[in-house]
$ cat model-v6.txt   # compact mmCIF, C-alpha atoms and all ligand atoms
# COMPACT_ATOMS: atom_id res chain seq x y z
CA MET A 210 -25.13 -24.01 -15.86
CA GLU A 211 -27.10 -20.79 -16.32
CA ARG A 212 -25.09 -17.57 -16.43
CA ASP A 213 -25.28 -15.66 -13.16
CA THR A 214 -26.61 -12.48 -14.70
CA LEU A 215 -27.22 -10.92 -11.31
CA ILE A 216 -23.52 -10.90 -10.48
CA PHE A 217 -22.31 -10.13 -14.02
CA ASP A 218 -24.69 -7.18 -14.33
CA LEU A 219 -23.25 -5.81 -11.11
CA ILE A 220 -19.70 -6.35 -12.37
CA GLY A 221 -20.68 -4.43 -15.52
CA GLN A 222 -22.02 -1.58 -13.38
CA GLU A 223 -18.81 -1.50 -11.36
CA HIS A 224 -16.80 -1.41 -14.60
CA ASN A 225 -18.78 1.63 -15.73
CA ARG A 226 -18.34 3.32 -12.34
CA GLN A 227 -14.58 2.85 -12.59
CA LYS A 228 -14.48 4.04 -16.21
CA GLU A 229 -16.65 7.14 -15.84
CA GLY A 230 -15.22 8.46 -12.58
CA ILE A 231 -12.03 10.05 -11.29
CA GLU A 232 -10.39 7.52 -8.98
CA LEU A 233 -8.25 9.27 -6.38
CA ILE A 234 -8.08 6.64 -3.65
CA ALA A 235 -4.33 6.50 -3.00
CA SER A 236 -4.30 2.72 -2.50
CA GLU A 237 -6.16 1.84 -5.70
CA ASN A 238 -5.04 1.32 -9.27
CA PHE A 239 -6.13 -0.28 -12.54
CA VAL A 240 -4.34 -3.41 -13.71
CA SER A 241 -3.36 -4.25 -17.28
CA GLU A 242 -5.32 -6.69 -19.42
CA GLN A 243 -2.68 -9.41 -18.98
CA VAL A 244 -2.64 -9.04 -15.17
CA MET A 245 -6.44 -9.40 -15.26
CA GLN A 246 -6.21 -12.46 -17.54
CA ALA A 247 -3.73 -14.22 -15.26
CA MET A 248 -6.02 -13.61 -12.28
CA GLY A 249 -9.01 -15.01 -14.14
CA SER A 250 -7.12 -18.09 -15.33
CA CYS A 251 -7.31 -21.83 -14.66
CA LEU A 252 -4.54 -21.48 -12.09
CA THR A 253 -7.32 -20.74 -9.60
CA ASN A 254 -8.18 -24.46 -9.80
CA LYS A 255 -4.85 -25.63 -8.42
CA TYR A 256 -3.91 -26.53 -4.86
CA ALA A 257 -0.19 -26.02 -4.21
CA GLU A 258 0.54 -25.98 -0.47
CA GLY A 259 4.27 -25.61 -0.01
CA TYR A 260 6.81 -23.86 -2.19
CA PRO A 261 8.23 -24.45 -5.71
CA GLY A 262 9.86 -27.90 -5.76
CA LYS A 263 8.53 -28.75 -2.24
CA ARG A 264 4.76 -29.14 -2.52
CA TYR A 265 2.23 -31.21 -0.64
CA TYR A 266 0.18 -31.84 -3.84
CA GLY A 267 0.90 -33.48 -7.17
CA GLY A 268 0.59 -31.70 -10.51
CA CYS A 269 2.41 -28.54 -9.42
CA GLN A 270 5.06 -28.66 -12.15
CA ILE A 271 3.55 -25.66 -13.99
CA VAL A 272 2.62 -23.49 -11.01
CA ASP A 273 6.11 -24.12 -9.65
CA GLN A 274 7.38 -22.22 -12.69
CA THR A 275 4.90 -19.32 -12.47
CA GLU A 276 5.60 -18.91 -8.75
CA GLN A 277 9.38 -19.06 -9.30
CA LEU A 278 9.08 -16.38 -11.99
CA ALA A 279 7.14 -14.18 -9.55
CA ILE A 280 9.86 -14.69 -6.91
CA ASP A 281 12.72 -13.99 -9.32
CA ARG A 282 11.08 -10.89 -10.76
CA ALA A 283 10.23 -9.51 -7.30
CA CYS A 284 13.86 -9.97 -6.23
CA GLU A 285 15.11 -8.25 -9.38
CA LEU A 286 12.67 -5.37 -9.00
CA PHE A 287 13.67 -4.49 -5.44
CA GLY A 288 17.26 -5.76 -5.32
CA ALA A 289 16.35 -8.47 -2.81
CA GLU A 290 17.80 -11.92 -2.24
CA TYR A 291 14.54 -13.47 -1.01
CA ALA A 292 10.86 -13.01 -1.79
CA ASN A 293 7.74 -14.78 -0.57
CA VAL A 294 4.93 -14.09 -3.04
CA GLN A 295 2.23 -16.09 -1.25
CA PRO A 296 0.67 -13.68 1.30
CA HIS A 297 -2.96 -13.14 0.30
CA SER A 298 -2.81 -9.48 1.34
CA GLY A 299 -0.59 -6.81 2.85
CA ALA A 300 -2.07 -7.29 6.31
CA GLN A 301 -1.37 -11.04 6.08
CA ALA A 302 2.22 -10.38 4.98
CA ASN A 303 2.64 -8.20 8.07
CA ALA A 304 0.97 -10.76 10.33
CA ALA A 305 3.31 -13.47 9.00
CA VAL A 306 6.40 -11.33 9.70
CA PHE A 307 5.15 -10.56 13.21
CA TYR A 308 4.45 -14.26 13.77
CA ALA A 309 7.96 -15.12 12.58
CA CYS A 310 9.72 -12.43 14.62
CA MET A 311 7.79 -12.01 17.86
CA LYS A 312 6.09 -13.95 20.63
CA PRO A 313 2.73 -12.85 22.05
CA GLY A 314 3.27 -9.91 24.40
CA ASP A 315 6.49 -8.74 22.71
CA THR A 316 6.93 -5.01 22.21
CA PHE A 317 7.30 -3.27 18.85
CA LEU A 318 7.19 0.32 17.58
CA GLY A 319 4.83 1.38 14.80
CA LEU A 320 3.53 4.68 13.41
CA ASP A 321 0.28 5.65 15.15
CA LEU A 322 -2.80 4.90 13.02
CA ALA A 323 -4.05 8.43 13.70
CA HIS A 324 -0.77 9.80 12.30
CA GLY A 325 -0.84 7.81 9.06
CA GLY A 326 0.11 4.30 10.20
CA HIS A 327 -1.73 1.16 9.11
CA LEU A 328 -4.03 -0.81 11.36
CA SER A 329 -1.78 -3.87 11.01
CA HIS A 330 1.01 -1.86 12.69
CA GLY A 331 -0.48 -2.10 16.19
CA SER A 332 -4.04 -0.80 16.15
CA PRO A 333 -6.05 -2.18 19.10
CA VAL A 334 -8.72 -3.41 16.66
CA ASN A 335 -6.18 -5.57 14.79
CA LEU A 336 -4.40 -8.72 15.98
CA SER A 337 -1.10 -6.78 15.81
CA GLY A 338 -2.38 -4.61 18.65
CA ASN A 339 -3.92 -7.48 20.58
CA LEU A 340 -1.38 -10.25 20.40
CA TYR A 341 1.66 -7.99 20.74
CA ASN A 342 2.49 -4.83 22.68
CA PRO A 343 2.62 -1.88 20.26
CA ILE A 344 4.21 1.43 21.21
CA PRO A 345 3.11 4.15 18.77
CA TYR A 346 5.43 6.81 17.42
CA HIS A 347 4.20 9.99 15.73
CA VAL A 348 4.78 12.75 13.23
CA ASN A 349 5.87 16.21 14.34
CA GLU A 350 2.90 18.57 14.61
CA GLU A 351 4.69 21.47 12.90
CA THR A 352 6.38 19.68 10.03
CA GLY A 353 4.13 16.64 9.56
CA LEU A 354 7.32 14.53 9.29
CA VAL A 355 8.04 11.32 11.21
CA ASP A 356 9.67 12.28 14.51
CA TYR A 357 12.81 10.13 14.39
CA ASP A 358 14.03 11.56 17.70
CA GLU A 359 10.85 10.23 19.31
CA VAL A 360 11.42 6.84 17.63
CA GLU A 361 14.91 6.73 19.12
CA ALA A 362 13.74 7.79 22.59
CA LEU A 363 10.93 5.19 22.56
CA ALA A 364 13.28 2.47 21.32
CA LEU A 365 15.78 3.21 24.10
CA GLU A 366 13.00 3.26 26.69
CA HIS A 367 11.01 0.20 25.62
CA LYS A 368 13.69 -2.01 24.04
CA PRO A 369 11.33 -3.34 21.34
CA LYS A 370 11.81 -6.59 19.44
CA MET A 371 11.08 -4.76 16.20
CA ILE A 372 10.61 -1.30 14.69
CA VAL A 373 8.04 -1.07 11.92
CA ALA A 374 8.48 1.72 9.37
CA GLY A 375 5.78 2.51 6.83
CA ALA A 376 2.39 4.12 6.54
CA SER A 377 -0.94 4.33 4.76
CA ALA A 378 -1.21 8.09 4.80
CA TYR A 379 2.25 9.66 4.75
CA SER A 380 3.43 11.63 1.76
CA ARG A 381 7.13 11.88 2.51
CA ASP A 382 10.16 9.65 1.99
CA TRP A 383 11.53 7.58 4.91
CA ASP A 384 14.95 7.82 6.53
CA PHE A 385 15.84 4.12 6.63
CA VAL A 386 19.49 4.86 7.45
CA ARG A 387 18.50 6.62 10.67
CA LEU A 388 15.99 3.90 11.55
CA ARG A 389 18.61 1.18 11.09
CA GLU A 390 20.99 3.09 13.37
CA ILE A 391 18.25 3.19 16.01
CA ALA A 392 17.44 -0.52 15.56
CA ASP A 393 21.14 -1.44 15.88
CA LYS A 394 21.49 0.72 18.98
CA VAL A 395 18.85 -1.35 20.79
CA GLY A 396 19.54 -4.63 18.98
CA CYS A 397 16.12 -5.08 17.39
CA LEU A 398 14.84 -5.94 13.94
CA LEU A 399 13.78 -3.27 11.46
CA MET A 400 10.87 -3.94 9.14
CA ALA A 401 9.61 -1.62 6.40
CA ASP A 402 6.07 -1.86 5.09
CA ILE A 403 6.29 -0.20 1.67
CA ALA A 404 2.73 -1.07 0.61
CA HIS A 405 2.02 2.43 -0.66
CA PRO A 406 5.22 3.67 -2.33
CA ALA A 407 6.53 0.26 -3.55
CA GLY A 408 6.25 1.16 -7.24
CA LEU A 409 8.15 4.41 -6.77
CA ILE A 410 10.80 2.64 -4.71
CA ALA A 411 11.18 -0.07 -7.35
CA LYS A 412 12.06 2.55 -9.95
CA GLY A 413 14.50 4.49 -7.74
CA LEU A 414 12.19 7.48 -7.22
CA LEU A 415 12.18 7.09 -3.41
CA SER A 416 14.65 5.57 -0.93
CA ASN A 417 14.85 1.80 -1.18
CA PRO A 418 14.73 0.26 2.31
CA ILE A 419 16.03 -3.14 1.17
CA PRO A 420 19.74 -2.43 1.93
CA TYR A 421 18.89 -1.14 5.41
CA VAL A 422 16.00 -3.15 6.84
CA HIS A 423 15.99 -6.77 7.92
CA ILE A 424 12.62 -7.47 6.30
CA ALA A 425 10.24 -5.56 4.02
CA THR A 426 6.60 -6.17 3.21
CA THR A 427 4.35 -4.67 0.58
CA THR A 428 1.03 -5.01 -1.11
CA THR A 429 1.13 -5.61 -4.85
CA HIS A 430 -1.98 -3.67 -5.84
CA LYS A 431 -1.28 -0.03 -5.05
CA THR A 432 1.47 1.91 -6.87
CA LEU A 433 2.88 -1.45 -7.96
CA ARG A 434 -0.20 -1.88 -10.19
CA GLY A 435 -0.57 -5.62 -9.73
CA PRO A 436 -3.29 -7.91 -8.40
CA ARG A 437 -4.58 -7.56 -4.84
CA GLY A 438 -2.01 -9.33 -2.66
CA GLY A 439 1.03 -9.25 -0.39
CA LEU A 440 4.79 -9.81 -0.69
CA ILE A 441 7.64 -10.28 1.78
CA LEU A 442 11.24 -9.38 0.89
CA VAL A 443 14.65 -9.75 2.48
CA GLY A 444 17.64 -7.85 1.07
CA LYS A 445 20.48 -10.06 2.20
CA ASP A 446 19.42 -13.29 3.86
CA PHE A 447 20.79 -13.87 7.37
CA PRO A 448 20.77 -16.59 10.04
CA ASN A 449 17.71 -16.18 12.26
CA PRO A 450 18.68 -14.34 15.45
CA TRP A 451 16.85 -16.79 17.74
CA GLY A 452 18.91 -19.84 16.87
CA GLN A 453 16.05 -21.86 15.38
CA THR A 454 17.39 -24.99 13.70
CA THR A 455 16.24 -27.32 10.94
CA PRO A 456 15.49 -31.01 11.71
CA LYS A 457 19.11 -31.68 10.62
CA GLY A 458 20.33 -29.27 13.33
CA GLU A 459 21.45 -26.55 10.91
CA ILE A 460 20.70 -22.94 11.81
CA LYS A 461 17.69 -21.71 9.81
CA MET A 462 18.13 -18.69 7.59
CA MET A 463 15.59 -15.87 8.02
CA SER A 464 14.10 -16.75 4.62
CA GLN A 465 13.26 -20.23 5.93
CA VAL A 466 11.69 -18.82 9.09
CA LEU A 467 9.58 -16.41 7.03
CA ASP A 468 8.50 -19.09 4.54
CA PHE A 469 7.43 -21.29 7.46
CA ALA A 470 5.49 -18.39 9.04
CA VAL A 471 3.48 -17.86 5.83
CA PHE A 472 2.88 -21.58 5.16
CA PRO A 473 2.07 -23.54 7.26
CA GLY A 474 2.17 -20.86 9.94
CA GLN A 475 -0.56 -18.64 8.65
CA GLN A 476 -2.01 -19.76 5.33
CA GLY A 477 -2.99 -22.92 3.52
CA GLY A 478 -2.97 -23.13 -0.27
CA PRO A 479 -1.46 -20.16 -2.14
CA LEU A 480 -3.55 -18.32 -4.74
CA GLU A 481 -1.54 -19.44 -7.76
CA HIS A 482 -3.67 -17.42 -10.21
CA VAL A 483 -2.91 -14.28 -8.19
CA ILE A 484 0.76 -15.24 -7.95
CA ALA A 485 0.91 -15.57 -11.75
CA ALA A 486 -0.70 -12.12 -11.99
CA LYS A 487 1.90 -10.81 -9.53
CA ALA A 488 4.60 -12.23 -11.84
CA VAL A 489 3.04 -10.40 -14.80
CA ALA A 490 2.82 -7.14 -12.85
CA PHE A 491 6.43 -7.45 -11.64
CA GLY A 492 7.46 -8.07 -15.26
CA GLU A 493 5.61 -4.90 -16.29
CA ALA A 494 7.20 -2.96 -13.43
CA LEU A 495 10.65 -3.96 -14.71
CA THR A 496 10.05 -2.12 -18.00
CA ASP A 497 10.96 1.45 -18.97
CA SER A 498 7.30 2.14 -19.70
CA TYR A 499 6.51 1.49 -16.02
CA LYS A 500 9.29 3.89 -15.04
CA ASP A 501 7.62 6.56 -17.20
CA TYR A 502 4.36 5.73 -15.42
CA ALA A 503 5.96 6.02 -11.96
CA ILE A 504 7.58 9.37 -12.84
CA GLN A 505 4.23 10.67 -14.11
CA MET A 506 2.38 9.45 -10.99
CA GLN A 507 4.84 11.33 -8.77
CA LYS A 508 4.68 14.45 -10.99
CA ASN A 509 0.88 14.41 -10.92
CA ALA A 510 0.86 14.20 -7.11
CA LYS A 511 3.30 17.09 -6.76
CA VAL A 512 1.19 19.34 -9.00
CA MET A 513 -2.00 18.27 -7.26
CA ALA A 514 -0.59 19.14 -3.82
CA GLU A 515 0.57 22.53 -5.12
CA GLU A 516 -2.91 23.22 -6.50
CA PHE A 517 -4.63 22.36 -3.19
CA ILE A 518 -2.23 24.73 -1.40
CA LYS A 519 -2.90 27.49 -3.97
CA LEU A 520 -6.63 27.16 -3.26
CA GLY A 521 -6.11 27.60 0.48
CA TYR A 522 -6.01 24.01 1.72
CA LYS A 523 -3.40 22.82 4.15
CA VAL A 524 -1.55 19.77 2.82
CA VAL A 525 0.08 17.85 5.68
CA SER A 526 3.89 18.33 5.53
CA ASN A 527 3.25 21.02 2.92
CA GLY A 528 3.51 18.74 -0.10
CA THR A 529 4.40 15.25 -1.21
CA ASP A 530 7.37 13.14 -2.28
CA ASN A 531 5.26 10.21 -3.39
CA HIS A 532 1.89 9.45 -5.00
CA SER A 533 -0.35 10.70 -2.21
CA MET A 534 -1.23 13.59 0.08
CA LEU A 535 -3.33 14.32 3.12
CA VAL A 536 -5.48 17.41 2.80
CA ASP A 537 -6.49 19.07 6.08
CA LEU A 538 -9.90 20.60 5.39
CA ARG A 539 -9.88 22.75 8.55
CA SER A 540 -7.69 25.44 7.00
CA LYS A 541 -10.43 26.33 4.51
CA PHE A 542 -13.64 24.67 5.73
CA PRO A 543 -13.38 24.15 9.50
CA GLU A 544 -17.01 23.02 9.72
CA ILE A 545 -16.90 20.34 6.97
CA THR A 546 -15.81 16.77 7.80
CA GLY A 547 -13.84 14.38 5.63
CA LYS A 548 -16.83 12.05 5.78
CA LYS A 549 -19.14 14.64 4.25
CA VAL A 550 -16.62 15.46 1.50
CA GLU A 551 -16.14 11.75 0.68
CA ASN A 552 -19.92 11.24 0.39
CA VAL A 553 -20.61 14.32 -1.68
CA LEU A 554 -17.68 13.76 -4.06
CA VAL A 555 -19.10 10.29 -4.81
CA LYS A 556 -22.18 12.06 -6.21
CA ALA A 557 -19.83 13.88 -8.63
CA ASP A 558 -18.13 10.55 -9.54
CA ILE A 559 -14.92 11.56 -7.78
CA THR A 560 -13.66 8.97 -5.30
CA ILE A 561 -11.38 9.84 -2.40
CA ASN A 562 -11.38 8.65 1.19
CA LYS A 563 -11.89 10.47 4.43
CA ASN A 564 -8.78 10.30 6.58
CA MET A 565 -7.73 11.53 9.99
CA VAL A 566 -4.99 14.14 9.85
CA PRO A 567 -2.26 14.11 12.52
CA PHE A 568 -3.57 15.68 15.76
CA ASP A 569 -7.11 15.51 14.41
CA THR A 570 -9.85 16.85 16.63
CA ARG A 571 -12.47 14.58 15.05
CA SER A 572 -13.02 10.81 15.24
CA PRO A 573 -11.90 8.35 12.51
CA PHE A 574 -15.57 8.12 11.45
CA ALA A 575 -15.86 11.85 10.78
CA THR A 576 -12.22 13.05 10.26
CA SER A 577 -10.95 16.50 9.33
CA GLY A 578 -9.06 15.35 6.26
CA ILE A 579 -9.14 13.55 2.96
CA ARG A 580 -6.45 11.35 1.43
CA VAL A 581 -5.85 11.80 -2.29
CA GLY A 582 -3.57 9.84 -4.60
CA THR A 583 -2.57 9.60 -8.24
CA PRO A 584 -1.80 5.91 -9.04
CA ALA A 585 -5.16 5.20 -10.70
CA ILE A 586 -5.65 8.43 -12.66
CA THR A 587 -2.09 8.17 -13.93
CA THR A 588 -2.84 4.68 -15.23
CA ARG A 589 -5.84 6.19 -17.04
CA GLY A 590 -3.40 8.52 -18.83
CA LEU A 591 -3.98 11.80 -16.99
CA LYS A 592 -1.02 14.18 -16.95
CA GLU A 593 0.05 17.14 -14.81
CA THR A 594 -1.87 19.57 -17.04
CA GLU A 595 -5.09 17.92 -15.92
CA MET A 596 -4.34 18.08 -12.19
CA PRO A 597 -5.41 21.74 -11.71
CA ILE A 598 -8.73 20.92 -13.42
CA ILE A 599 -9.35 18.01 -11.03
CA VAL A 600 -8.42 20.00 -7.90
CA ALA A 601 -10.62 22.90 -9.06
CA MET A 602 -13.57 20.49 -9.46
CA ILE A 603 -12.98 19.06 -5.96
CA ASP A 604 -12.85 22.61 -4.58
CA GLU A 605 -16.02 23.53 -6.46
CA VAL A 606 -17.89 20.61 -4.89
CA ILE A 607 -16.61 21.31 -1.37
CA SER A 608 -17.38 25.03 -1.74
CA ASN A 609 -20.93 24.14 -2.80
CA ILE A 610 -21.37 21.06 -0.67
CA ASP A 611 -25.18 21.27 -0.45
CA ASN A 612 -25.81 22.52 -3.98
CA GLU A 613 -27.07 19.61 -6.08
CA ASP A 614 -26.93 21.62 -9.34
CA VAL A 615 -23.23 22.38 -8.92
CA ILE A 616 -22.51 18.76 -7.97
CA ALA A 617 -24.42 17.53 -11.07
CA SER A 618 -22.52 19.95 -13.28
CA VAL A 619 -19.17 18.72 -11.91
CA LYS A 620 -20.28 15.11 -12.46
CA THR A 621 -21.01 15.87 -16.14
CA ARG A 622 -17.52 17.35 -16.58
CA VAL A 623 -15.93 14.39 -14.74
CA ASN A 624 -17.71 11.94 -17.04
CA GLU A 625 -16.67 13.93 -20.14
CA LEU A 626 -13.05 13.84 -19.00
CA MET A 627 -12.99 10.12 -18.19
CA THR A 628 -15.48 8.02 -20.16
CA GLU A 629 -13.57 7.79 -23.42
CA ARG A 630 -10.20 7.17 -21.76
CA PRO A 631 -8.76 3.66 -21.74
CA MET A 632 -8.71 1.95 -18.34
CA PHE A 633 -5.04 1.25 -18.89
CA ALA A 634 -3.16 3.82 -20.96
CA TRP A 635 0.37 2.35 -20.76
N1 LIG A 701 0.23 -1.89 4.96
C1 LIG A 701 -0.03 -0.64 4.56
C2 LIG A 701 0.97 0.44 4.83
C3 LIG A 701 -1.23 -0.35 3.92
O1 LIG A 701 -1.51 0.89 3.54
C4 LIG A 701 -2.15 -1.41 3.69
C5 LIG A 701 -3.43 -1.19 3.00
O2 LIG A 701 -3.91 -0.15 2.78
C6 LIG A 701 -1.83 -2.69 4.15
C7 LIG A 701 -0.64 -2.89 4.78
C8 LIG A 701 -2.80 -3.81 4.07
O3 LIG A 701 -2.99 -4.30 2.84
P1 LIG A 701 -4.24 -5.24 2.53
O4 LIG A 701 -5.41 -4.35 2.44
O5 LIG A 701 -3.85 -5.91 1.26
O6 LIG A 701 -4.35 -6.22 3.66

$ encode --input "model-v6.txt" --output "structure tokens"
Amino acid sequence: MERDTLIFDLIGQEHNRQKEGIELIASENFVSEQVMQAMGSCLTNKYAEGYPGKRYYGGCQIVDQTEQLAIDRACELFGAEYANVQPHSGAQANAAVFYACMKPGDTFLGLDLAHGGHLSHGSPVNLSGNLYNPIPYHVNEETGLVDYDEVEALALEHKPKMIVAGASAYSRDWDFVRLREIADKVGCLLMADIAHPAGLIAKGLLSNPIPYVHIATTTTHKTLRGPRGGLILVGKDFPNPWGQTTPKGEIKMMSQVLDFAVFPGQQGGPLEHVIAAKAVAFGEALTDSYKDYAIQMQKNAKVMAEEFIKLGYKVVSNGTDNHSMLVDLRSKFPEITGKKVENVLVKADITINKNMVPFDTRSPFATSGIRVGTPAITTRGLKETEMPIIVAMIDEVISNIDNEDVIASVKTRVNELMTERPMFAW
């Protein structure tokens, strides 16, 4: 077979783009060599419908062990009793939990997409918003913090089947204790989607929802620094509240209901190469070196938010507890959209994404904000001393948004800062 140079040339170009630029997309990261190797391994050749020890295909004796290691390490990392490592993505993990816990038309509460929520938490363009009946809750306009009083009022009014905590663009910690009180008051399930802060939670740097929620989901590729994928966790397993029974007439535990919702409910064969890579990443996340990484990622974000504020930008909620922040451009450049900033920063090899800010006056296609995060640059080895330099370069580009000479000069400095750095400095 001839080598597919067309594709491999493009992969080479993408490698250079990643190496030479400053990656500030809050949901992206760079994986270690061994995570990459596991993903590119022969495990991709194997069909393994089912779960370790209960497969629908022969020859699963090895992938049973890699999948079991992924499960055991995920449980150890988060202090959970149950993990399903098969969801192909975060959105699919969420869809599986919804499928397990609700019937079409059932009501649930989720953070509004325009206030930082994720589209799989009830957006009308996603099946979560079509199949079920989402009621959005919001952040407070003044503080930028989740309005837990509103969550409680909405829960009492609508009697949801489930409350979904979690966000894609929210820089503060969550009050899972309060949310569990609300869920118990109305007798509904509480789910936390920790896709963004999972790595910080795993190392005790943010509140761990596992003791308080019924079910948690996460992606494995953001702060957690693993392969692209999803994960479902349960802290302490419990009998399913709907009285579903096994063929033997025994009451099913929630773990069994969730497993069934992932396969055969939602997916066919698991991606065993990705599951092995998840196991490697979870193993890395269990180390002290990963804790140092997580501390640095959080420190970098804090300094970065302070620098934006010093330069006259409004940072939603006035700072960050985690790895990310939402910068409201209107405080300094009311006429410039997030879309324009995203496009122009790309020319300077700085990657961020446009993002609506709470109570935005612009559409999601234009936006008044940008979302910035530190997982990827921290993996590249950047420290808090470099954060003011990066924020100053972003400010220089935005302040000179139509000046190609300034943009080219920033790009040169970005490339000087990044090109010689390892992709993975830990
Ligand atoms: N949940 C949250 C909170 C997210 O931020 C994301 C992705 O950004 C997802 C779920 C979906 O993950 P995926 O892109 O793997 O489907």

$ atom_distance --input "model-v6.txt" --atom1 "CA of Glu232 in chain A" --atom2 "CA of Val555 in chain A"
10.0 Å

$ residues_near_point --input "model-v6.txt" --point "(-10.7, 23.8, 4.2)" --cutoff "12 Å" --atoms "only C-alpha atoms" --output "PyMOL selection string"
chain A and resi 517-524+536-547+550+577-579+603-605+607-608

$ residues_around --input "model-v6.txt" --residues "range 513-515 of chain A" --least-positions-apart "4" --cutoff "7 Å" --atoms "all atoms listed in the file" --output "ChimeraX atom specification"
/A:509,519,524,528-529,534,596-597,600

$ residues_near_ligand --input "model-v6.txt" --ligand "ligand LIG 701 (chain A)" --cutoff "7 Å" --atoms "all atoms listed in the file" --output "JSON, numbers by chain"
{"A": [236, 298, 299, 300, 301, 326, 327, 329, 375, 376, 377, 402, 403, 404, 405, 427, 428, 437, 438, 439]}

$ residues_around --input "model-v6.txt" --residues "range 390-400 of chain A" --least-positions-apart "2" --cutoff "10 Å" --atoms "only C-alpha atoms" --output "PyMOL selection string"
chain A and resi 303+306-307+310+317-319+357-358+360-362+364-375+385-388+402-403+418-419+421-426+442-443+450

$ atom_distance --input "model-v6.txt" --atom1 "CA of Ile616 in chain A" --atom2 "CA of Gly582 in chain A"
21.2 Å

$ atom_distance --input "model-v6.txt" --atom1 "CA of Met311 in chain A" --atom2 "CA of Gly444 in chain A"
19.9 Å

$ closest_residue --input "model-v6.txt" --among "A:Ala485, A:Pro631, A:Pro406, A:Asp558" --to "Gln246 in chain A" --atoms "only C-alpha atoms"
A:Ala485

$ residues_around --input "model-v6.txt" --residues "range 408-414 of chain A" --least-positions-apart "4" --cutoff "9 Å" --atoms "all atoms listed in the file" --output "PDB file with C-alpha atoms, in the frame of the given file"
ATOM      1  CA  LEU A 286      12.670  -5.370  -9.000  1.00  0.00           C
ATOM      2  CA  PHE A 287      13.670  -4.490  -5.440  1.00  0.00           C
ATOM      3  CA  GLY A 288      17.260  -5.760  -5.320  1.00  0.00           C
ATOM      4  CA  ILE A 403       6.290  -0.200   1.670  1.00  0.00           C
ATOM      5  CA  ALA A 404       2.730  -1.070   0.610  1.00  0.00           C
ATOM      6  CA  PRO A 418      14.730   0.260   2.310  1.00  0.00           C
ATOM      7  CA  THR A 429       1.130  -5.610  -4.850  1.00  0.00           C
ATOM      8  CA  LYS A 431      -1.280  -0.030  -5.050  1.00  0.00           C
ATOM      9  CA  THR A 432       1.470   1.910  -6.870  1.00  0.00           C
ATOM     10  CA  LEU A 433       2.880  -1.450  -7.960  1.00  0.00           C
ATOM     11  CA  ARG A 434      -0.200  -1.880 -10.190  1.00  0.00           C
ATOM     12  CA  ALA A 494       7.200  -2.960 -13.430  1.00  0.00           C
ATOM     13  CA  LEU A 495      10.650  -3.960 -14.710  1.00  0.00           C
ATOM     14  CA  TYR A 499       6.510   1.490 -16.020  1.00  0.00           C
ATOM     15  CA  LYS A 500       9.290   3.890 -15.040  1.00  0.00           C
ATOM     16  CA  ALA A 503       5.960   6.020 -11.960  1.00  0.00           C
ATOM     17  CA  ILE A 504       7.580   9.370 -12.840  1.00  0.00           C
ATOM     18  CA  MET A 506       2.380   9.450 -10.990  1.00  0.00           C
ATOM     19  CA  GLN A 507       4.840  11.330  -8.770  1.00  0.00           C
ATOM     20  CA  ASP A 530       7.370  13.140  -2.280  1.00  0.00           C
ATOM     21  CA  ASN A 531       5.260  10.210  -3.390  1.00  0.00           C
ATOM     22  CA  HIS A 532       1.890   9.450  -5.000  1.00  0.00           C
TER      23      HIS A 532
END

$ residues_near_point --input "model-v6.txt" --point "(4.6, 12.0, 15.0)" --cutoff "8 Å" --atoms "all atoms listed in the file" --output "CSV table (one decimal) with C-alpha atoms, in the coordinates of the input"
chain,number,residue,atom,x,y,z
A,320,LEU,CA,3.5,4.7,13.4
A,321,ASP,CA,0.3,5.6,15.2
A,324,HIS,CA,-0.8,9.8,12.3
A,346,TYR,CA,5.4,6.8,17.4
A,347,HIS,CA,4.2,10.0,15.7
A,348,VAL,CA,4.8,12.8,13.2
A,349,ASN,CA,5.9,16.2,14.3
A,350,GLU,CA,2.9,18.6,14.6
A,353,GLY,CA,4.1,16.6,9.6
A,354,LEU,CA,7.3,14.5,9.3
A,355,VAL,CA,8.0,11.3,11.2
A,356,ASP,CA,9.7,12.3,14.5
A,359,GLU,CA,10.8,10.2,19.3
A,567,PRO,CA,-2.3,14.1,12.5

$ residues_around --input "model-v6.txt" --residues "Val623 in chain A" --least-positions-apart "4" --cutoff "7 Å" --atoms "only C-alpha atoms" --output "PyMOL selection string"
chain A and resi 230-231+558+619+627

$ write_last_selection --input "model-v6.txt" --atoms "C-alpha atoms" --output "PDB file, keeping the file's coordinate frame"
ATOM      1  CA  GLY A 230     -15.220   8.460 -12.580  1.00  0.00           C
ATOM      2  CA  ILE A 231     -12.030  10.050 -11.290  1.00  0.00           C
ATOM      3  CA  ASP A 558     -18.130  10.550  -9.540  1.00  0.00           C
ATOM      4  CA  VAL A 619     -19.170  18.720 -11.910  1.00  0.00           C
ATOM      5  CA  MET A 627     -12.990  10.120 -18.190  1.00  0.00           C
TER       6      MET A 627
END

$ closest_residue --input "model-v6.txt" --among "A:Thr275, A:Ser533, A:Thr588, A:Asn612" --to "Lys228 in chain A" --atoms "only C-alpha atoms"
A:Thr588

$ closest_residue --input "model-v6.txt" --among "A:Ile280, A:Val615, A:Val240, A:Ile586" --to "Ile441 in chain A" --atoms "all atoms listed in the file"
A:Ile280

$ residues_around --input "model-v6.txt" --residues "Gly590 in chain A" --least-positions-apart "2" --cutoff "9 Å" --atoms "only C-alpha atoms" --output "list in words"
Tyr502, Ala585, Ile586, Thr587, Thr588, Lys592, Arg630, Pro631, Met632, Phe633, Ala634 and Trp635 of chain A
